[in-house]
Structures are given as structure tokens and as C-alpha cells.
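File shown here: target34.cif, holding mmCIF, C-alpha atoms.
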data_my_file
loop_
_atom_site.group_PDB
_atom_site.id
_atom_site.type_symbol
_atom_site.label_atom_id
_atom_site.label_comp_id
_atom_site.auth_asym_id
_atom_site.auth_seq_id
_atom_site.Cartn_x
_atom_site.Cartn_y
_atom_site.Cartn_z
ATOM 1 C CA MET A 210 109.763 178.340 195.970
ATOM 2 C CA PHE A 211 107.049 176.377 197.773
ATOM 3 C CA ALA A 212 104.940 179.532 198.089
ATOM 4 C CA PHE A 213 105.116 180.010 194.320
ATOM 5 C CA VAL A 214 103.967 176.417 193.698
ATOM 6 C CA ASP A 215 101.151 176.776 196.237
ATOM 7 C CA ASN A 216 99.925 179.976 194.579
ATOM 8 C CA HIS A 217 99.844 178.317 191.150
ATOM 9 C CA HIS A 218 98.119 175.284 192.640
ATOM 10 C CA ASP A 219 95.400 177.518 194.118
ATOM 11 C CA PHE A 220 95.022 179.361 190.797
ATOM 12 C CA ILE A 221 94.640 176.168 188.727
ATOM 13 C CA PHE A 222 92.305 174.294 191.047
ATOM 14 C CA ASN A 223 90.306 177.162 192.582
ATOM 15 C CA VAL A 224 90.405 180.389 190.583
ATOM 16 C CA LEU A 225 90.524 178.912 187.050
ATOM 17 C CA PRO A 226 87.422 176.692 187.386
ATOM 18 C CA GLU A 227 85.453 179.636 188.766
ATOM 19 C CA PHE A 228 86.642 181.785 185.856
ATOM 20 C CA LEU A 229 85.679 179.133 183.297
ATOM 21 C CA HIS A 230 82.238 178.757 184.835
ATOM 22 C CA ASN A 231 81.519 182.467 184.554
ATOM 23 C CA LYS A 232 78.484 182.766 182.275
ATOM 24 C CA TRP A 233 79.951 185.590 180.232
ATOM 25 C CA VAL A 234 83.154 183.678 179.620
ATOM 26 C CA LEU A 235 81.057 180.698 178.549
ATOM 27 C CA THR A 236 79.057 182.948 176.243
ATOM 28 C CA VAL A 237 82.226 184.159 174.516
ATOM 29 C CA PHE A 238 83.428 180.571 174.256
ATOM 30 C CA HIS A 239 80.103 179.479 172.730
ATOM 31 C CA ILE A 240 80.189 182.306 170.181
ATOM 32 C CA ILE A 241 83.719 181.313 169.132
ATOM 33 C CA PHE A 242 82.691 177.651 168.979
ATOM 34 C CA PHE A 243 79.635 178.255 166.775
ATOM 35 C CA ALA A 244 81.613 180.611 164.503
ATOM 36 C CA PHE A 245 84.118 177.771 164.105
ATOM 37 C CA VAL A 246 81.267 175.352 163.328
ATOM 38 C CA VAL A 247 79.983 177.698 160.591
ATOM 39 C CA LYS A 248 83.457 177.938 159.035
ATOM 40 C CA ILE A 249 84.018 174.165 159.145
ATOM 41 C CA THR A 250 80.547 173.448 157.739
ATOM 42 C CA ASN A 251 81.037 175.869 154.849
ATOM 43 C CA PHE A 252 84.456 174.334 154.150
ATOM 44 C CA PHE A 253 83.048 170.810 153.878
ATOM 45 C CA ILE A 254 80.073 171.945 151.771
ATOM 46 C CA GLU A 255 82.487 173.694 149.399
ATOM 47 C CA LYS A 256 84.780 170.648 149.175
ATOM 48 C CA PHE A 257 81.874 168.244 148.675
ATOM 49 C CA LEU A 258 80.216 170.272 145.897
ATOM 50 C CA VAL A 259 83.526 171.011 144.147
ATOM 51 C CA ARG A 260 84.296 167.287 144.106
ATOM 52 C CA ILE A 261 80.896 166.512 142.574
ATOM 53 C CA ILE A 262 81.394 169.269 139.973
ATOM 54 C CA LYS A 263 84.764 167.758 138.988
ATOM 55 C CA ILE A 264 83.376 164.222 138.742
ATOM 56 C CA LYS A 265 80.239 165.072 136.761
ATOM 57 C CA ASP A 266 80.536 165.553 133.004
ATOM 58 C CA ASP A 267 77.128 167.210 132.646
ATOM 59 C CA PHE A 268 77.784 170.930 132.019
ATOM 60 C CA GLU A 269 74.197 171.928 132.880
ATOM 61 C CA PHE A 270 74.343 169.968 136.147
ATOM 62 C CA LYS A 271 77.573 171.754 137.070
ATOM 63 C CA LYS A 272 75.946 175.167 136.541
ATOM 64 C CA GLN A 273 73.014 174.083 138.717
ATOM 65 C CA LEU A 274 75.359 173.035 141.543
ATOM 66 C CA ILE A 275 77.336 176.283 141.343
ATOM 67 C CA THR A 276 74.064 178.188 141.638
ATOM 68 C CA LEU A 277 72.860 176.094 144.570
ATOM 69 C CA LYS A 278 76.175 176.319 146.435
ATOM 70 C CA SER A 279 75.619 179.792 147.895
ATOM 71 C CA ILE A 280 71.986 178.976 148.708
ATOM 72 C CA ILE A 281 72.930 175.810 150.599
ATOM 73 C CA LYS A 282 75.595 177.681 152.571
ATOM 74 C CA SER A 283 73.165 180.475 153.407
ATOM 75 C CA ILE A 284 70.474 178.064 154.652
ATOM 76 C CA VAL A 285 72.908 175.987 156.735
ATOM 77 C CA ASP A 286 74.503 179.118 158.238
ATOM 78 C CA THR A 287 71.076 180.489 159.162
ATOM 79 C CA ILE A 288 70.095 177.243 160.909
ATOM 80 C CA ILE A 289 73.344 177.148 162.876
ATOM 81 C CA VAL A 290 73.083 180.827 163.896
ATOM 82 C CA VAL A 291 69.454 180.459 165.052
ATOM 83 C CA PHE A 292 70.330 177.345 167.062
ATOM 84 C CA ALA A 293 73.378 179.111 168.522
ATOM 85 C CA ILE A 294 71.334 182.115 169.660
ATOM 86 C CA MET A 295 68.730 179.881 171.305
ATOM 87 C CA TYR A 296 71.416 177.775 173.007
ATOM 88 C CA ILE A 297 73.374 180.779 174.312
ATOM 89 C CA LEU A 298 70.231 182.462 175.649
ATOM 90 C CA ASN A 299 69.275 179.230 177.390
ATOM 91 C CA THR A 300 72.724 178.920 179.036
ATOM 92 C CA LEU A 301 72.377 182.510 180.257
ATOM 93 C CA GLY A 302 69.169 181.509 181.988
ATOM 94 C CA VAL A 303 66.865 183.380 179.621
ATOM 95 C CA ASP A 304 63.495 181.726 179.042
ATOM 96 C CA ILE A 305 63.252 181.558 175.268
ATOM 97 C CA ARG A 306 59.574 180.513 175.149
ATOM 98 C CA PRO A 307 58.206 184.066 175.422
ATOM 99 C CA ILE A 308 60.763 185.140 172.804
ATOM 100 C CA LEU A 309 59.609 182.410 170.413
ATOM 101 C CA THR A 310 55.984 183.367 171.014
ATOM 102 C CA ALA A 311 56.734 187.051 170.419
ATOM 103 C CA ALA A 312 58.730 186.169 167.306
ATOM 104 C CA GLY A 313 55.772 184.206 165.971
ATOM 105 C CA VAL A 314 53.360 187.065 166.578
ATOM 106 C CA LEU A 315 55.830 189.557 165.128
ATOM 107 C CA GLY A 316 56.343 187.308 162.108
ATOM 108 C CA VAL A 317 52.614 187.249 161.397
ATOM 109 C CA ALA A 318 52.399 191.028 161.783
ATOM 110 C CA VAL A 319 55.393 191.616 159.562
ATOM 111 C CA GLY A 320 54.053 189.117 157.058
ATOM 112 C CA PHE A 321 51.078 191.309 156.264
ATOM 113 C CA GLY A 322 53.402 194.196 155.412
ATOM 114 C CA ALA A 323 56.113 192.147 153.706
ATOM 115 C CA LYS A 324 54.206 190.665 150.803
ATOM 116 C CA ARG A 325 56.904 191.626 148.288
ATOM 117 C CA PHE A 326 59.610 190.075 150.445
ATOM 118 C CA PHE A 327 57.839 186.710 150.605
ATOM 119 C CA GLU A 328 57.028 186.868 146.902
ATOM 120 C CA ASP A 329 60.740 187.263 146.212
ATOM 121 C CA ILE A 330 61.632 184.282 148.409
ATOM 122 C CA ILE A 331 58.957 181.951 147.015
ATOM 123 C CA THR A 332 59.724 182.853 143.409
ATOM 124 C CA GLY A 333 63.469 182.613 144.053
ATOM 125 C CA MET A 334 63.207 179.119 145.518
ATOM 126 C CA SER A 335 61.072 178.041 142.561
ATOM 127 C CA LEU A 336 63.557 179.444 140.015
ATOM 128 C CA ILE A 337 66.530 177.787 141.715
ATOM 129 C CA LEU A 338 64.986 174.371 142.399
ATOM 130 C CA GLU A 339 63.525 174.090 138.895
ATOM 131 C CA GLY A 340 66.827 175.138 137.336
ATOM 132 C CA GLN A 341 65.251 177.818 135.150
ATOM 133 C CA ILE A 342 68.261 180.074 135.636
ATOM 134 C CA ARG A 343 71.810 179.309 136.750
ATOM 135 C CA VAL A 344 75.028 181.210 137.336
ATOM 136 C CA GLY A 345 76.749 181.567 133.954
ATOM 137 C CA ASP A 346 73.556 181.585 131.858
ATOM 138 C CA TYR A 347 72.889 184.398 129.401
ATOM 139 C CA VAL A 348 69.286 185.466 129.922
ATOM 140 C CA GLU A 349 66.747 188.173 129.235
ATOM 141 C CA ILE A 350 64.523 189.253 132.119
ATOM 142 C CA ALA A 351 62.234 192.289 132.218
ATOM 143 C CA ASP A 352 63.874 193.826 129.112
ATOM 144 C CA HIS A 353 67.352 193.346 130.614
ATOM 145 C CA GLN A 354 69.942 191.000 129.093
ATOM 146 C CA GLY A 355 73.171 189.742 130.581
ATOM 147 C CA VAL A 356 75.190 186.935 132.113
ATOM 148 C CA VAL A 357 73.853 185.690 135.448
ATOM 149 C CA GLU A 358 76.455 186.410 138.126
ATOM 150 C CA LYS A 359 74.388 185.576 141.174
ATOM 151 C CA VAL A 360 71.044 184.006 142.040
ATOM 152 C CA ASP A 361 69.652 183.877 145.551
ATOM 153 C CA ILE A 362 66.251 183.725 147.180
ATOM 154 C CA LYS A 363 65.808 187.517 146.948
ATOM 155 C CA LEU A 364 67.207 188.726 143.626
ATOM 156 C CA ILE A 365 69.017 187.947 140.388
ATOM 157 C CA GLN A 366 72.209 189.773 139.420
ATOM 158 C CA LEU A 367 72.953 190.231 135.697
ATOM 159 C CA ARG A 368 75.965 191.834 134.015
ATOM 160 C CA ASP A 369 75.360 193.105 130.475
ATOM 161 C CA LEU A 370 77.763 193.527 127.555
ATOM 162 C CA GLN A 371 78.702 197.041 128.708
ATOM 163 C CA GLY A 372 79.632 195.785 132.157
ATOM 164 C CA ARG A 373 76.559 197.262 133.838
ATOM 165 C CA VAL A 374 75.060 195.212 136.676
ATOM 166 C CA HIS A 375 71.280 194.779 136.848
ATOM 167 C CA TYR A 376 69.646 193.725 140.132
ATOM 168 C CA ILE A 377 66.215 192.203 139.537
ATOM 169 C CA ARG A 378 63.866 191.226 142.355
ATOM 170 C CA ASN A 379 62.648 187.646 142.022
ATOM 171 C CA GLY A 380 59.087 188.812 142.517
ATOM 172 C CA MET A 381 59.337 190.869 139.307
ATOM 173 C CA VAL A 382 60.307 187.851 137.193
ATOM 174 C CA ASP A 383 57.473 186.865 134.903
ATOM 175 C CA THR A 384 59.193 185.506 131.802
ATOM 176 C CA ILE A 385 62.793 184.332 131.446
ATOM 177 C CA VAL A 386 64.443 183.946 128.044
ATOM 178 C CA ASN A 387 67.450 181.670 128.539
ATOM 179 C CA TYR A 388 69.832 181.838 125.564
ATOM 180 C CA THR A 389 72.202 179.188 126.925
ATOM 181 C CA ARG A 390 70.135 176.239 128.138
ATOM 182 C CA ASP A 391 71.700 172.921 127.013
ATOM 183 C CA TYR A 392 72.885 174.418 123.680
ATOM 184 C CA SER A 393 72.701 177.591 121.590
ATOM 185 C CA TYR A 394 72.176 178.589 117.958
ATOM 186 C CA TYR A 395 73.652 181.416 115.930
ATOM 187 C CA ILE A 396 71.371 182.583 113.105
ATOM 188 C CA PHE A 397 72.908 183.758 109.806
ATOM 189 C CA ASP A 398 71.016 185.926 107.319
ATOM 190 C CA ILE A 399 73.322 185.794 104.303
ATOM 191 C CA GLY A 400 72.557 188.257 101.523
ATOM 192 C CA VAL A 401 73.651 187.481 97.933
ATOM 193 C CA ALA A 402 72.983 189.280 94.667
ATOM 194 C CA TYR A 403 69.986 188.296 92.539
ATOM 195 C CA LYS A 404 72.313 187.294 89.702
ATOM 196 C CA GLU A 405 73.971 184.568 91.797
ATOM 197 C CA ASN A 406 73.049 180.880 91.379
ATOM 198 C CA LEU A 407 71.495 179.929 94.726
ATOM 199 C CA ASP A 408 72.374 176.239 94.406
ATOM 200 C CA ASN A 409 76.008 177.235 93.958
ATOM 201 C CA VAL A 410 75.825 179.595 96.961
ATOM 202 C CA ILE A 411 74.420 176.798 99.142
ATOM 203 C CA ASN A 412 77.129 174.377 97.975
ATOM 204 C CA VAL A 413 79.807 176.959 98.792
ATOM 205 C CA LEU A 414 78.332 177.407 102.277
ATOM 206 C CA LYS A 415 78.390 173.639 102.850
ATOM 207 C CA GLU A 416 81.999 173.453 101.669
ATOM 208 C CA LEU A 417 82.928 176.347 103.952
ATOM 209 C CA ASP A 418 81.150 174.742 106.892
ATOM 210 C CA GLU A 419 83.167 171.532 106.563
ATOM 211 C CA GLU A 420 86.438 173.470 106.407
ATOM 212 C CA PHE A 421 85.394 175.653 109.333
ATOM 213 C CA ARG A 422 84.481 172.727 111.595
ATOM 214 C CA ASN A 423 87.792 171.015 110.888
ATOM 215 C CA ASN A 424 90.242 173.917 110.922
ATOM 216 C CA SER A 425 88.865 176.956 112.779
ATOM 217 C CA THR A 426 90.034 178.041 116.223
ATOM 218 C CA VAL A 427 86.471 177.705 117.559
ATOM 219 C CA LYS A 428 85.765 174.226 116.185
ATOM 220 C CA GLU A 429 85.483 172.704 119.687
ATOM 221 C CA HIS A 430 82.466 174.947 120.378
ATOM 222 C CA ILE A 431 80.450 173.632 117.393
ATOM 223 C CA LEU A 432 78.002 170.796 118.053
ATOM 224 C CA ALA A 433 76.574 170.108 114.568
ATOM 225 C CA PRO A 434 77.077 170.965 110.881
ATOM 226 C CA LEU A 435 75.652 174.174 109.465
ATOM 227 C CA GLU A 436 71.904 173.885 108.988
ATOM 228 C CA ILE A 437 70.805 175.764 105.859
ATOM 229 C CA LEU A 438 67.145 176.682 106.241
ATOM 230 C CA GLY A 439 66.751 178.038 102.690
ATOM 231 C CA VAL A 440 65.751 181.318 101.045
ATOM 232 C CA ASP A 441 64.178 183.366 103.802
ATOM 233 C CA LYS A 442 63.481 186.700 102.127
ATOM 234 C CA LEU A 443 63.684 188.579 98.830
ATOM 235 C CA ASP A 444 64.959 192.015 99.775
ATOM 236 C CA ASP A 445 65.221 195.083 97.559
ATOM 237 C CA SER A 446 68.875 194.465 96.747
ATOM 238 C CA ALA A 447 69.582 190.891 97.921
ATOM 239 C CA VAL A 448 68.303 187.357 98.278
ATOM 240 C CA ILE A 449 68.527 186.349 101.950
ATOM 241 C CA VAL A 450 69.611 182.791 102.689
ATOM 242 C CA ARG A 451 69.037 181.808 106.320
ATOM 243 C CA ALA A 452 71.220 179.263 108.146
ATOM 244 C CA ARG A 453 72.180 178.427 111.699
ATOM 245 C CA LEU A 454 75.002 176.798 113.666
ATOM 246 C CA LYS A 455 74.486 174.795 116.857
ATOM 247 C CA THR A 456 77.063 175.523 119.566
ATOM 248 C CA ILE A 457 77.744 174.830 123.201
ATOM 249 C CA PRO A 458 76.003 177.313 125.535
ATOM 250 C CA ILE A 459 77.078 180.992 125.415
ATOM 251 C CA LYS A 460 79.626 180.394 122.619
ATOM 252 C CA GLN A 461 77.215 181.147 119.754
ATOM 253 C CA TRP A 462 78.374 184.751 119.331
ATOM 254 C CA GLU A 463 82.071 183.860 119.256
ATOM 255 C CA VAL A 464 81.417 181.142 116.667
ATOM 256 C CA GLY A 465 79.060 183.385 114.678
ATOM 257 C CA ARG A 466 81.569 186.239 114.390
ATOM 258 C CA ALA A 467 84.284 183.861 113.226
ATOM 259 C CA PHE A 468 81.982 182.208 110.666
ATOM 260 C CA ASN A 469 80.789 185.573 109.322
ATOM 261 C CA LYS A 470 84.395 186.494 108.579
ATOM 262 C CA ALA A 471 84.912 183.116 106.914
ATOM 263 C CA ILE A 472 81.828 183.692 104.724
ATOM 264 C CA LYS A 473 83.176 187.058 103.567
ATOM 265 C CA ASP A 474 86.595 185.551 102.737
ATOM 266 C CA LYS A 475 85.072 182.549 100.936
ATOM 267 C CA PHE A 476 82.624 184.659 98.896
ATOM 268 C CA ASP A 477 85.480 186.958 97.852
ATOM 269 C CA GLU A 478 87.470 183.900 96.800
ATOM 270 C CA LYS A 479 84.571 182.445 94.787
ATOM 271 C CA GLY A 480 83.483 185.768 93.319
ATOM 272 C CA ILE A 481 80.044 185.687 94.964
ATOM 273 C CA GLU A 482 78.670 189.182 95.353
ATOM 274 C CA ILE A 483 77.366 190.391 98.690
ATOM 275 C CA PRO A 484 75.217 193.350 97.622
ATOM 276 C CA PHE A 485 74.509 196.518 99.534
ATOM 277 C CA PRO A 486 71.774 199.125 99.006
ATOM 278 C CA GLN A 487 72.703 201.606 96.297
ATOM 279 C CA ARG A 488 71.047 204.806 95.223
ATOM 280 C CA THR A 489 71.571 206.688 91.989
ATOM 281 C CA VAL A 490 71.235 210.461 92.219
ATOM 282 C CA TYR A 491 70.541 212.526 89.089
ATOM 283 C CA LEU A 492 71.572 216.186 89.198
ATOM 284 C CA VAL A 493 69.593 218.537 86.980
ATOM 285 C CA ASN A 494 71.353 221.627 85.616
ATOM 286 C CA GLU A 495 68.862 224.387 86.340
ATOM 287 C CA THR A 496 70.528 226.868 84.010
ATOM 288 C CA GLU A 497 70.071 224.499 81.090
ATOM 289 C CA ASN A 498 66.384 224.015 81.928
ATOM 290 C CA ASN A 499 65.904 227.762 82.006
#
Kindly present the structure from the file in C-alpha cells form.
Amino acid sequence: MFAFVDNHHDFIFNVLPEFLHNKWVLTVFHIIFFAFVVKITNFFIEKFLVRIIKIKDDFEFKKQLITLKSIIKSIVDTIIVVFAIMYILNTLGVDIRPILTAAGVLGVAVGFGAKRFFEDIITGMSLILEGQIRVGDYVEIADHQGVVEKVDIKLIQLRDLQGRVHYIRNGMVDTIVNYTRDYSYYIFDIGVAYKENLDNVINVLKELDEEFRNNSTVKEHILAPLEILGVDKLDDSAVIVRARLKTIPIKQWEVGRAFNKAIKDKFDEKGIEIPFPQRTVYLVNETENN
């Protein structure tokens, strides 16, 4: 019994301290500790930003925070990892000064051959900080259109209407067309027959707009009454009346499709003709001509 206690006493006070002071054991402990720090830091960043997003009523500000969330996590994680590597190497007795010097020289050498990489980073930081593009925006970049799924300091990820994903390097971004910044418009080109009274057509559209904004299933997406811009074009078979509806971002197509259906139903009800191109074909009886 006493021998058992003595053995455990020797293990706790002699063997265990030596084991814990082993540099490799300490290295494993440090790795676990810094991994835990990364997890905890990301957790608090997530909680903090989510709380701000819930408190803020500004929809555009929320999209900006969602976009910045992954960038902030990435930067903080990188700082922690770099510090962890330097700290662990120092505890192992490795002189990190030559490593830092070599890294600086290597960075300069790589910099000359990594122009595109740094262009991507600089442009990406500019796009994110200026809020030109955010997760959830519908944009057009380099002849590609889609909803922004991800923005980081290297590339932009878009998903188009067909579900295809487009990866665009930030350095290739020259012009961005953002269809969903602050608000959106849906443009209507409404064709009516030449015989129709245009004042009556416009009054019917105004009447329809009031009904639509009060009773439609998409009324909460509409920000302003229908704006009738007037007669836009005299086509071969129709007079084109142009109008537009102001909506919350990215809802313009949903509202536009619903309003187009309402226009068709209302015009049918009022007897307003929506013309379509027609062609009359005359058949000549060759036997009669002969």
C-alpha cells in the first residue's frame, strides 16, 4: 500500500513535471491552445457581427457587414497563426530573425513574379471597403451576371440564373453594374394598338397600379407608385408606353412579372388591345394566270 503511494508521489512530483517541460509536449500544447484561440475569436466575431446585423435597420449596411464578416475572420486568423508560428519556433529555441530576413527577401523576389496576385488583393480590398459589391447583390461583371455569393480579397463568386458559378479574379474587374444598390427599378414597355386612346390607357395603368400596391402578394416589395414615363416609341404595330416601378433591391423581377400579368388581365377586362405583328399572305393561283 505504502509502496503504491510512494510510486504515485514520485510520478506526480518528479516524472510529470519533466514530461510537461518536454519541448515537444509544450509544442503540441501550444498548437492546441492557439487553435482554441482561433475558434473562440471566430465565435465572438460571429456573435458580435450578428448582433449588429439584428440591431441595424439599414439593409445595405447589413449586406456590407455580411460581406466583411469572412474577411475579418480571415485577417484575424492569419494574424493569430503567424504569431503562433513565431512563438512556437521561439520556444523551441529557433532564432526567428534569419527566418524573418529570408521571408522578407523571398517576399520581394516573389513580388516581382506575383503582380497579378497583388493586383487581386489591392482591388479586392478596395471593392470591399468602398462597398461597391456585397454578398446578395445582383451584378454584372466582365459580361457575367449573377447573385454575389462570396467576395474576398482574391476573387468574386457569382451564381447566374441557370445555377452556374462564375469565379472572377478581382484584378479583372474594371466596371461593375450593380442592379441592387439601395433600390431597383423594373422597366415596362407596354404596347397598345394605334386605335386606343392613350389618355385612357394611362388612366387604366394608374388605376391598376393603385389596386396592385394595395392588394397584390408582392406589395411589400414596392417602394413607390408606378412612374409613367410616356410614349416611348411608335412601332410598326403598336404604340409603346414606357413605365417603371421602384422596388426593394433584387425584387424588381418578381414584382415586374406579377405586374405584367396584372396588365394583361386589366387590359382584357377593359377591352384594350395589345397588338402583335401580323402578316397577310396572298396566294396566287398559277394555273389561272396561265
Q | Answer as a PyMOL selection string, residues within 9 Å of (59.0, 185.5, 130.1) using only C-alpha atoms | A | chain A and resi 349-351+382-386
Q: Run the PyMOL selection byres ((chain A and resi 332-346) around 7) mentally over the shown coordinates, then write out the matched residues as a ChimeraX atom specification, using the chain letters and numbers from the document.
A: /A:272-273,275-276,328-331,347-348,356-363,379-380,387,389
Now that the selection is made, can you save its residues with C-alpha atoms as a short mmCIF file (atom, residue, chain, number, x, y, z; two decimals), in the frame of the given file?
data_model
loop_
_atom_site.label_atom_id
_atom_site.label_comp_id
_atom_site.auth_asym_id
_atom_site.auth_seq_id
_atom_site.Cartn_x
_atom_site.Cartn_y
_atom_site.Cartn_z
CA LYS A 272 75.95 175.17 136.54
CA GLN A 273 73.01 174.08 138.72
CA ILE A 275 77.34 176.28 141.34
CA THR A 276 74.06 178.19 141.64
CA GLU A 328 57.03 186.87 146.90
CA ASP A 329 60.74 187.26 146.21
CA ILE A 330 61.63 184.28 148.41
CA ILE A 331 58.96 181.95 147.01
CA TYR A 347 72.89 184.40 129.40
CA VAL A 348 69.29 185.47 129.92
CA VAL A 356 75.19 186.94 132.11
CA VAL A 357 73.85 185.69 135.45
CA GLU A 358 76.46 186.41 138.13
CA LYS A 359 74.39 185.58 141.17
CA VAL A 360 71.04 184.01 142.04
CA ASP A 361 69.65 183.88 145.55
CA ILE A 362 66.25 183.72 147.18
CA LYS A 363 65.81 187.52 146.95
CA ASN A 379 62.65 187.65 142.02
CA GLY A 380 59.09 188.81 142.52
CA ASN A 387 67.45 181.67 128.54
CA THR A 389 72.20 179.19 126.92
#
Q.
Which residues, named as in the file, does the PyMOL selection byres ((chain A and resi 451) around 7) pick out? Answer as number ranges by chain.
A. A: 397-399, 437-441, 449-450, 452
Q: Please write the residues picked by the PyMOL selection byres ((chain A and resi 247-253) around 9) on this file as a list in words.
A: Phe242, Phe243, Ala244, Phe245, Val246, Ile254, Glu255, Lys256, Phe257, Leu258, Lys282, Val285, Asp286, Ile289 and Val290 of chain A
(Q) So, with all atoms listed in the file as the atoms that count, which of A:Ile481, A:Ile297, A:Ala433, A:Val464 lies closest to Asn406 (chain A)? (A) A:Ile481
(Q) Rounded to one decimal, what separation in Å do you get between CA of Glu420 (chain A) and CA of Thr456 (chain A)? (A)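 Computing it gives 16.3 Å between the two atoms.
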Q: Identify which of the residues A:Leu407, A:Leu298, A:Ala471, A:Leu364 lies closest to His239 (chain A), counting only C-alpha atoms when measuring atom-to-atom distances.
A: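 Of the candidates, the smallest distance to His239 (chain A) is held by A:Leu298.
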(Q) So the first atom is CA of Gly465 (chain A) and the second is CA of Ile396 (chain A); what is the distance between them in Å, to one decimal place? (A) 7.9 Å
Q | From A:Gln366, A:Asn412, A:Gln371, A:Ser393, residue lying nearest Lys455 (chain A) [only C-alpha atoms] | A | A:Ser393
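Here CA of Tyr392 (chain A) and CA of Gly355 (chain A) stand 16.8 Å from one another.
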Q) Quick one: residues within 10 Å of Val413 (chain A), all atoms listed in the file counted, chain neighbours fewer than 5 positions away excluded, as a PyMOL selection string? A) chain A and resi 407-408+418+472+475-476+479+481
Near-His353 (chain A) list (9 Å; only C-alpha atoms; drop same-chain fewer than 6 positions) as a PDB file with C-alpha atoms, keeping the file's coordinate frame:
ATOM      1  CA  LEU A 367      72.953 190.231 135.697  1.00  0.00           C
ATOM      2  CA  ASP A 369      75.360 193.105 130.475  1.00  0.00           C
ATOM      3  CA  HIS A 375      71.280 194.779 136.848  1.00  0.00           C
TER       4      HIS A 375
END
Could you complete region 430-447 of chain A so that it carries N, CA and C atoms, and give it back as a compact mmCIF listing (two decimals), in the frame of the given file?
# COMPACT_ATOMS: atom_id res chain seq x y z
N HIS A 430 83.74 174.40 119.88
CA HIS A 430 82.47 174.95 120.38
C HIS A 430 81.27 174.55 119.51
N ILE A 431 81.52 173.94 118.35
CA ILE A 431 80.45 173.63 117.39
C ILE A 431 79.93 172.22 117.64
N LEU A 432 78.62 172.08 117.74
CA LEU A 432 78.00 170.80 118.05
C LEU A 432 77.46 170.05 116.83
N ALA A 433 77.20 170.75 115.73
CA ALA A 433 76.57 170.11 114.57
C ALA A 433 76.93 170.89 113.31
N PRO A 434 76.82 170.25 112.14
CA PRO A 434 77.08 170.96 110.88
C PRO A 434 76.10 172.12 110.67
N LEU A 435 76.49 173.03 109.80
CA LEU A 435 75.65 174.17 109.46
C LEU A 435 74.31 173.68 108.91
N GLU A 436 73.26 174.23 109.46
CA GLU A 436 71.90 173.88 108.99
C GLU A 436 71.40 175.03 108.10
N ILE A 437 71.27 174.74 106.81
CA ILE A 437 70.81 175.76 105.86
C ILE A 437 69.29 175.66 105.75
N LEU A 438 68.60 176.70 106.18
CA LEU A 438 67.14 176.68 106.24
C LEU A 438 66.50 177.06 104.91
N GLY A 439 67.26 177.70 104.01
CA GLY A 439 66.75 178.04 102.69
C GLY A 439 66.62 179.54 102.49
N VAL A 440 65.96 179.90 101.38
CA VAL A 440 65.75 181.32 101.04
C VAL A 440 64.68 181.87 101.98
N ASP A 441 65.08 182.84 102.77
CA ASP A 441 64.18 183.37 103.80
C ASP A 441 63.44 184.61 103.35
N LYS A 442 64.08 185.41 102.47
CA LYS A 442 63.48 186.70 102.13
C LYS A 442 64.05 187.19 100.79
N LEU A 443 63.23 187.91 100.05
CA LEU A 443 63.68 188.58 98.83
C LEU A 443 63.68 190.08 99.10
N ASP A 444 64.84 190.59 99.45
CA ASP A 444 64.96 192.02 99.78
C ASP A 444 65.08 192.86 98.51
N ASP A 445 65.12 194.18 98.70
CA ASP A 445 65.22 195.08 97.56
C ASP A 445 66.49 194.85 96.76
N SER A 446 67.59 194.57 97.45
CA SER A 446 68.88 194.46 96.75
C SER A 446 69.55 193.12 96.93
N ALA A 447 68.91 192.16 97.65
CA ALA A 447 69.58 190.89 97.92
C ALA A 447 68.58 189.78 98.16
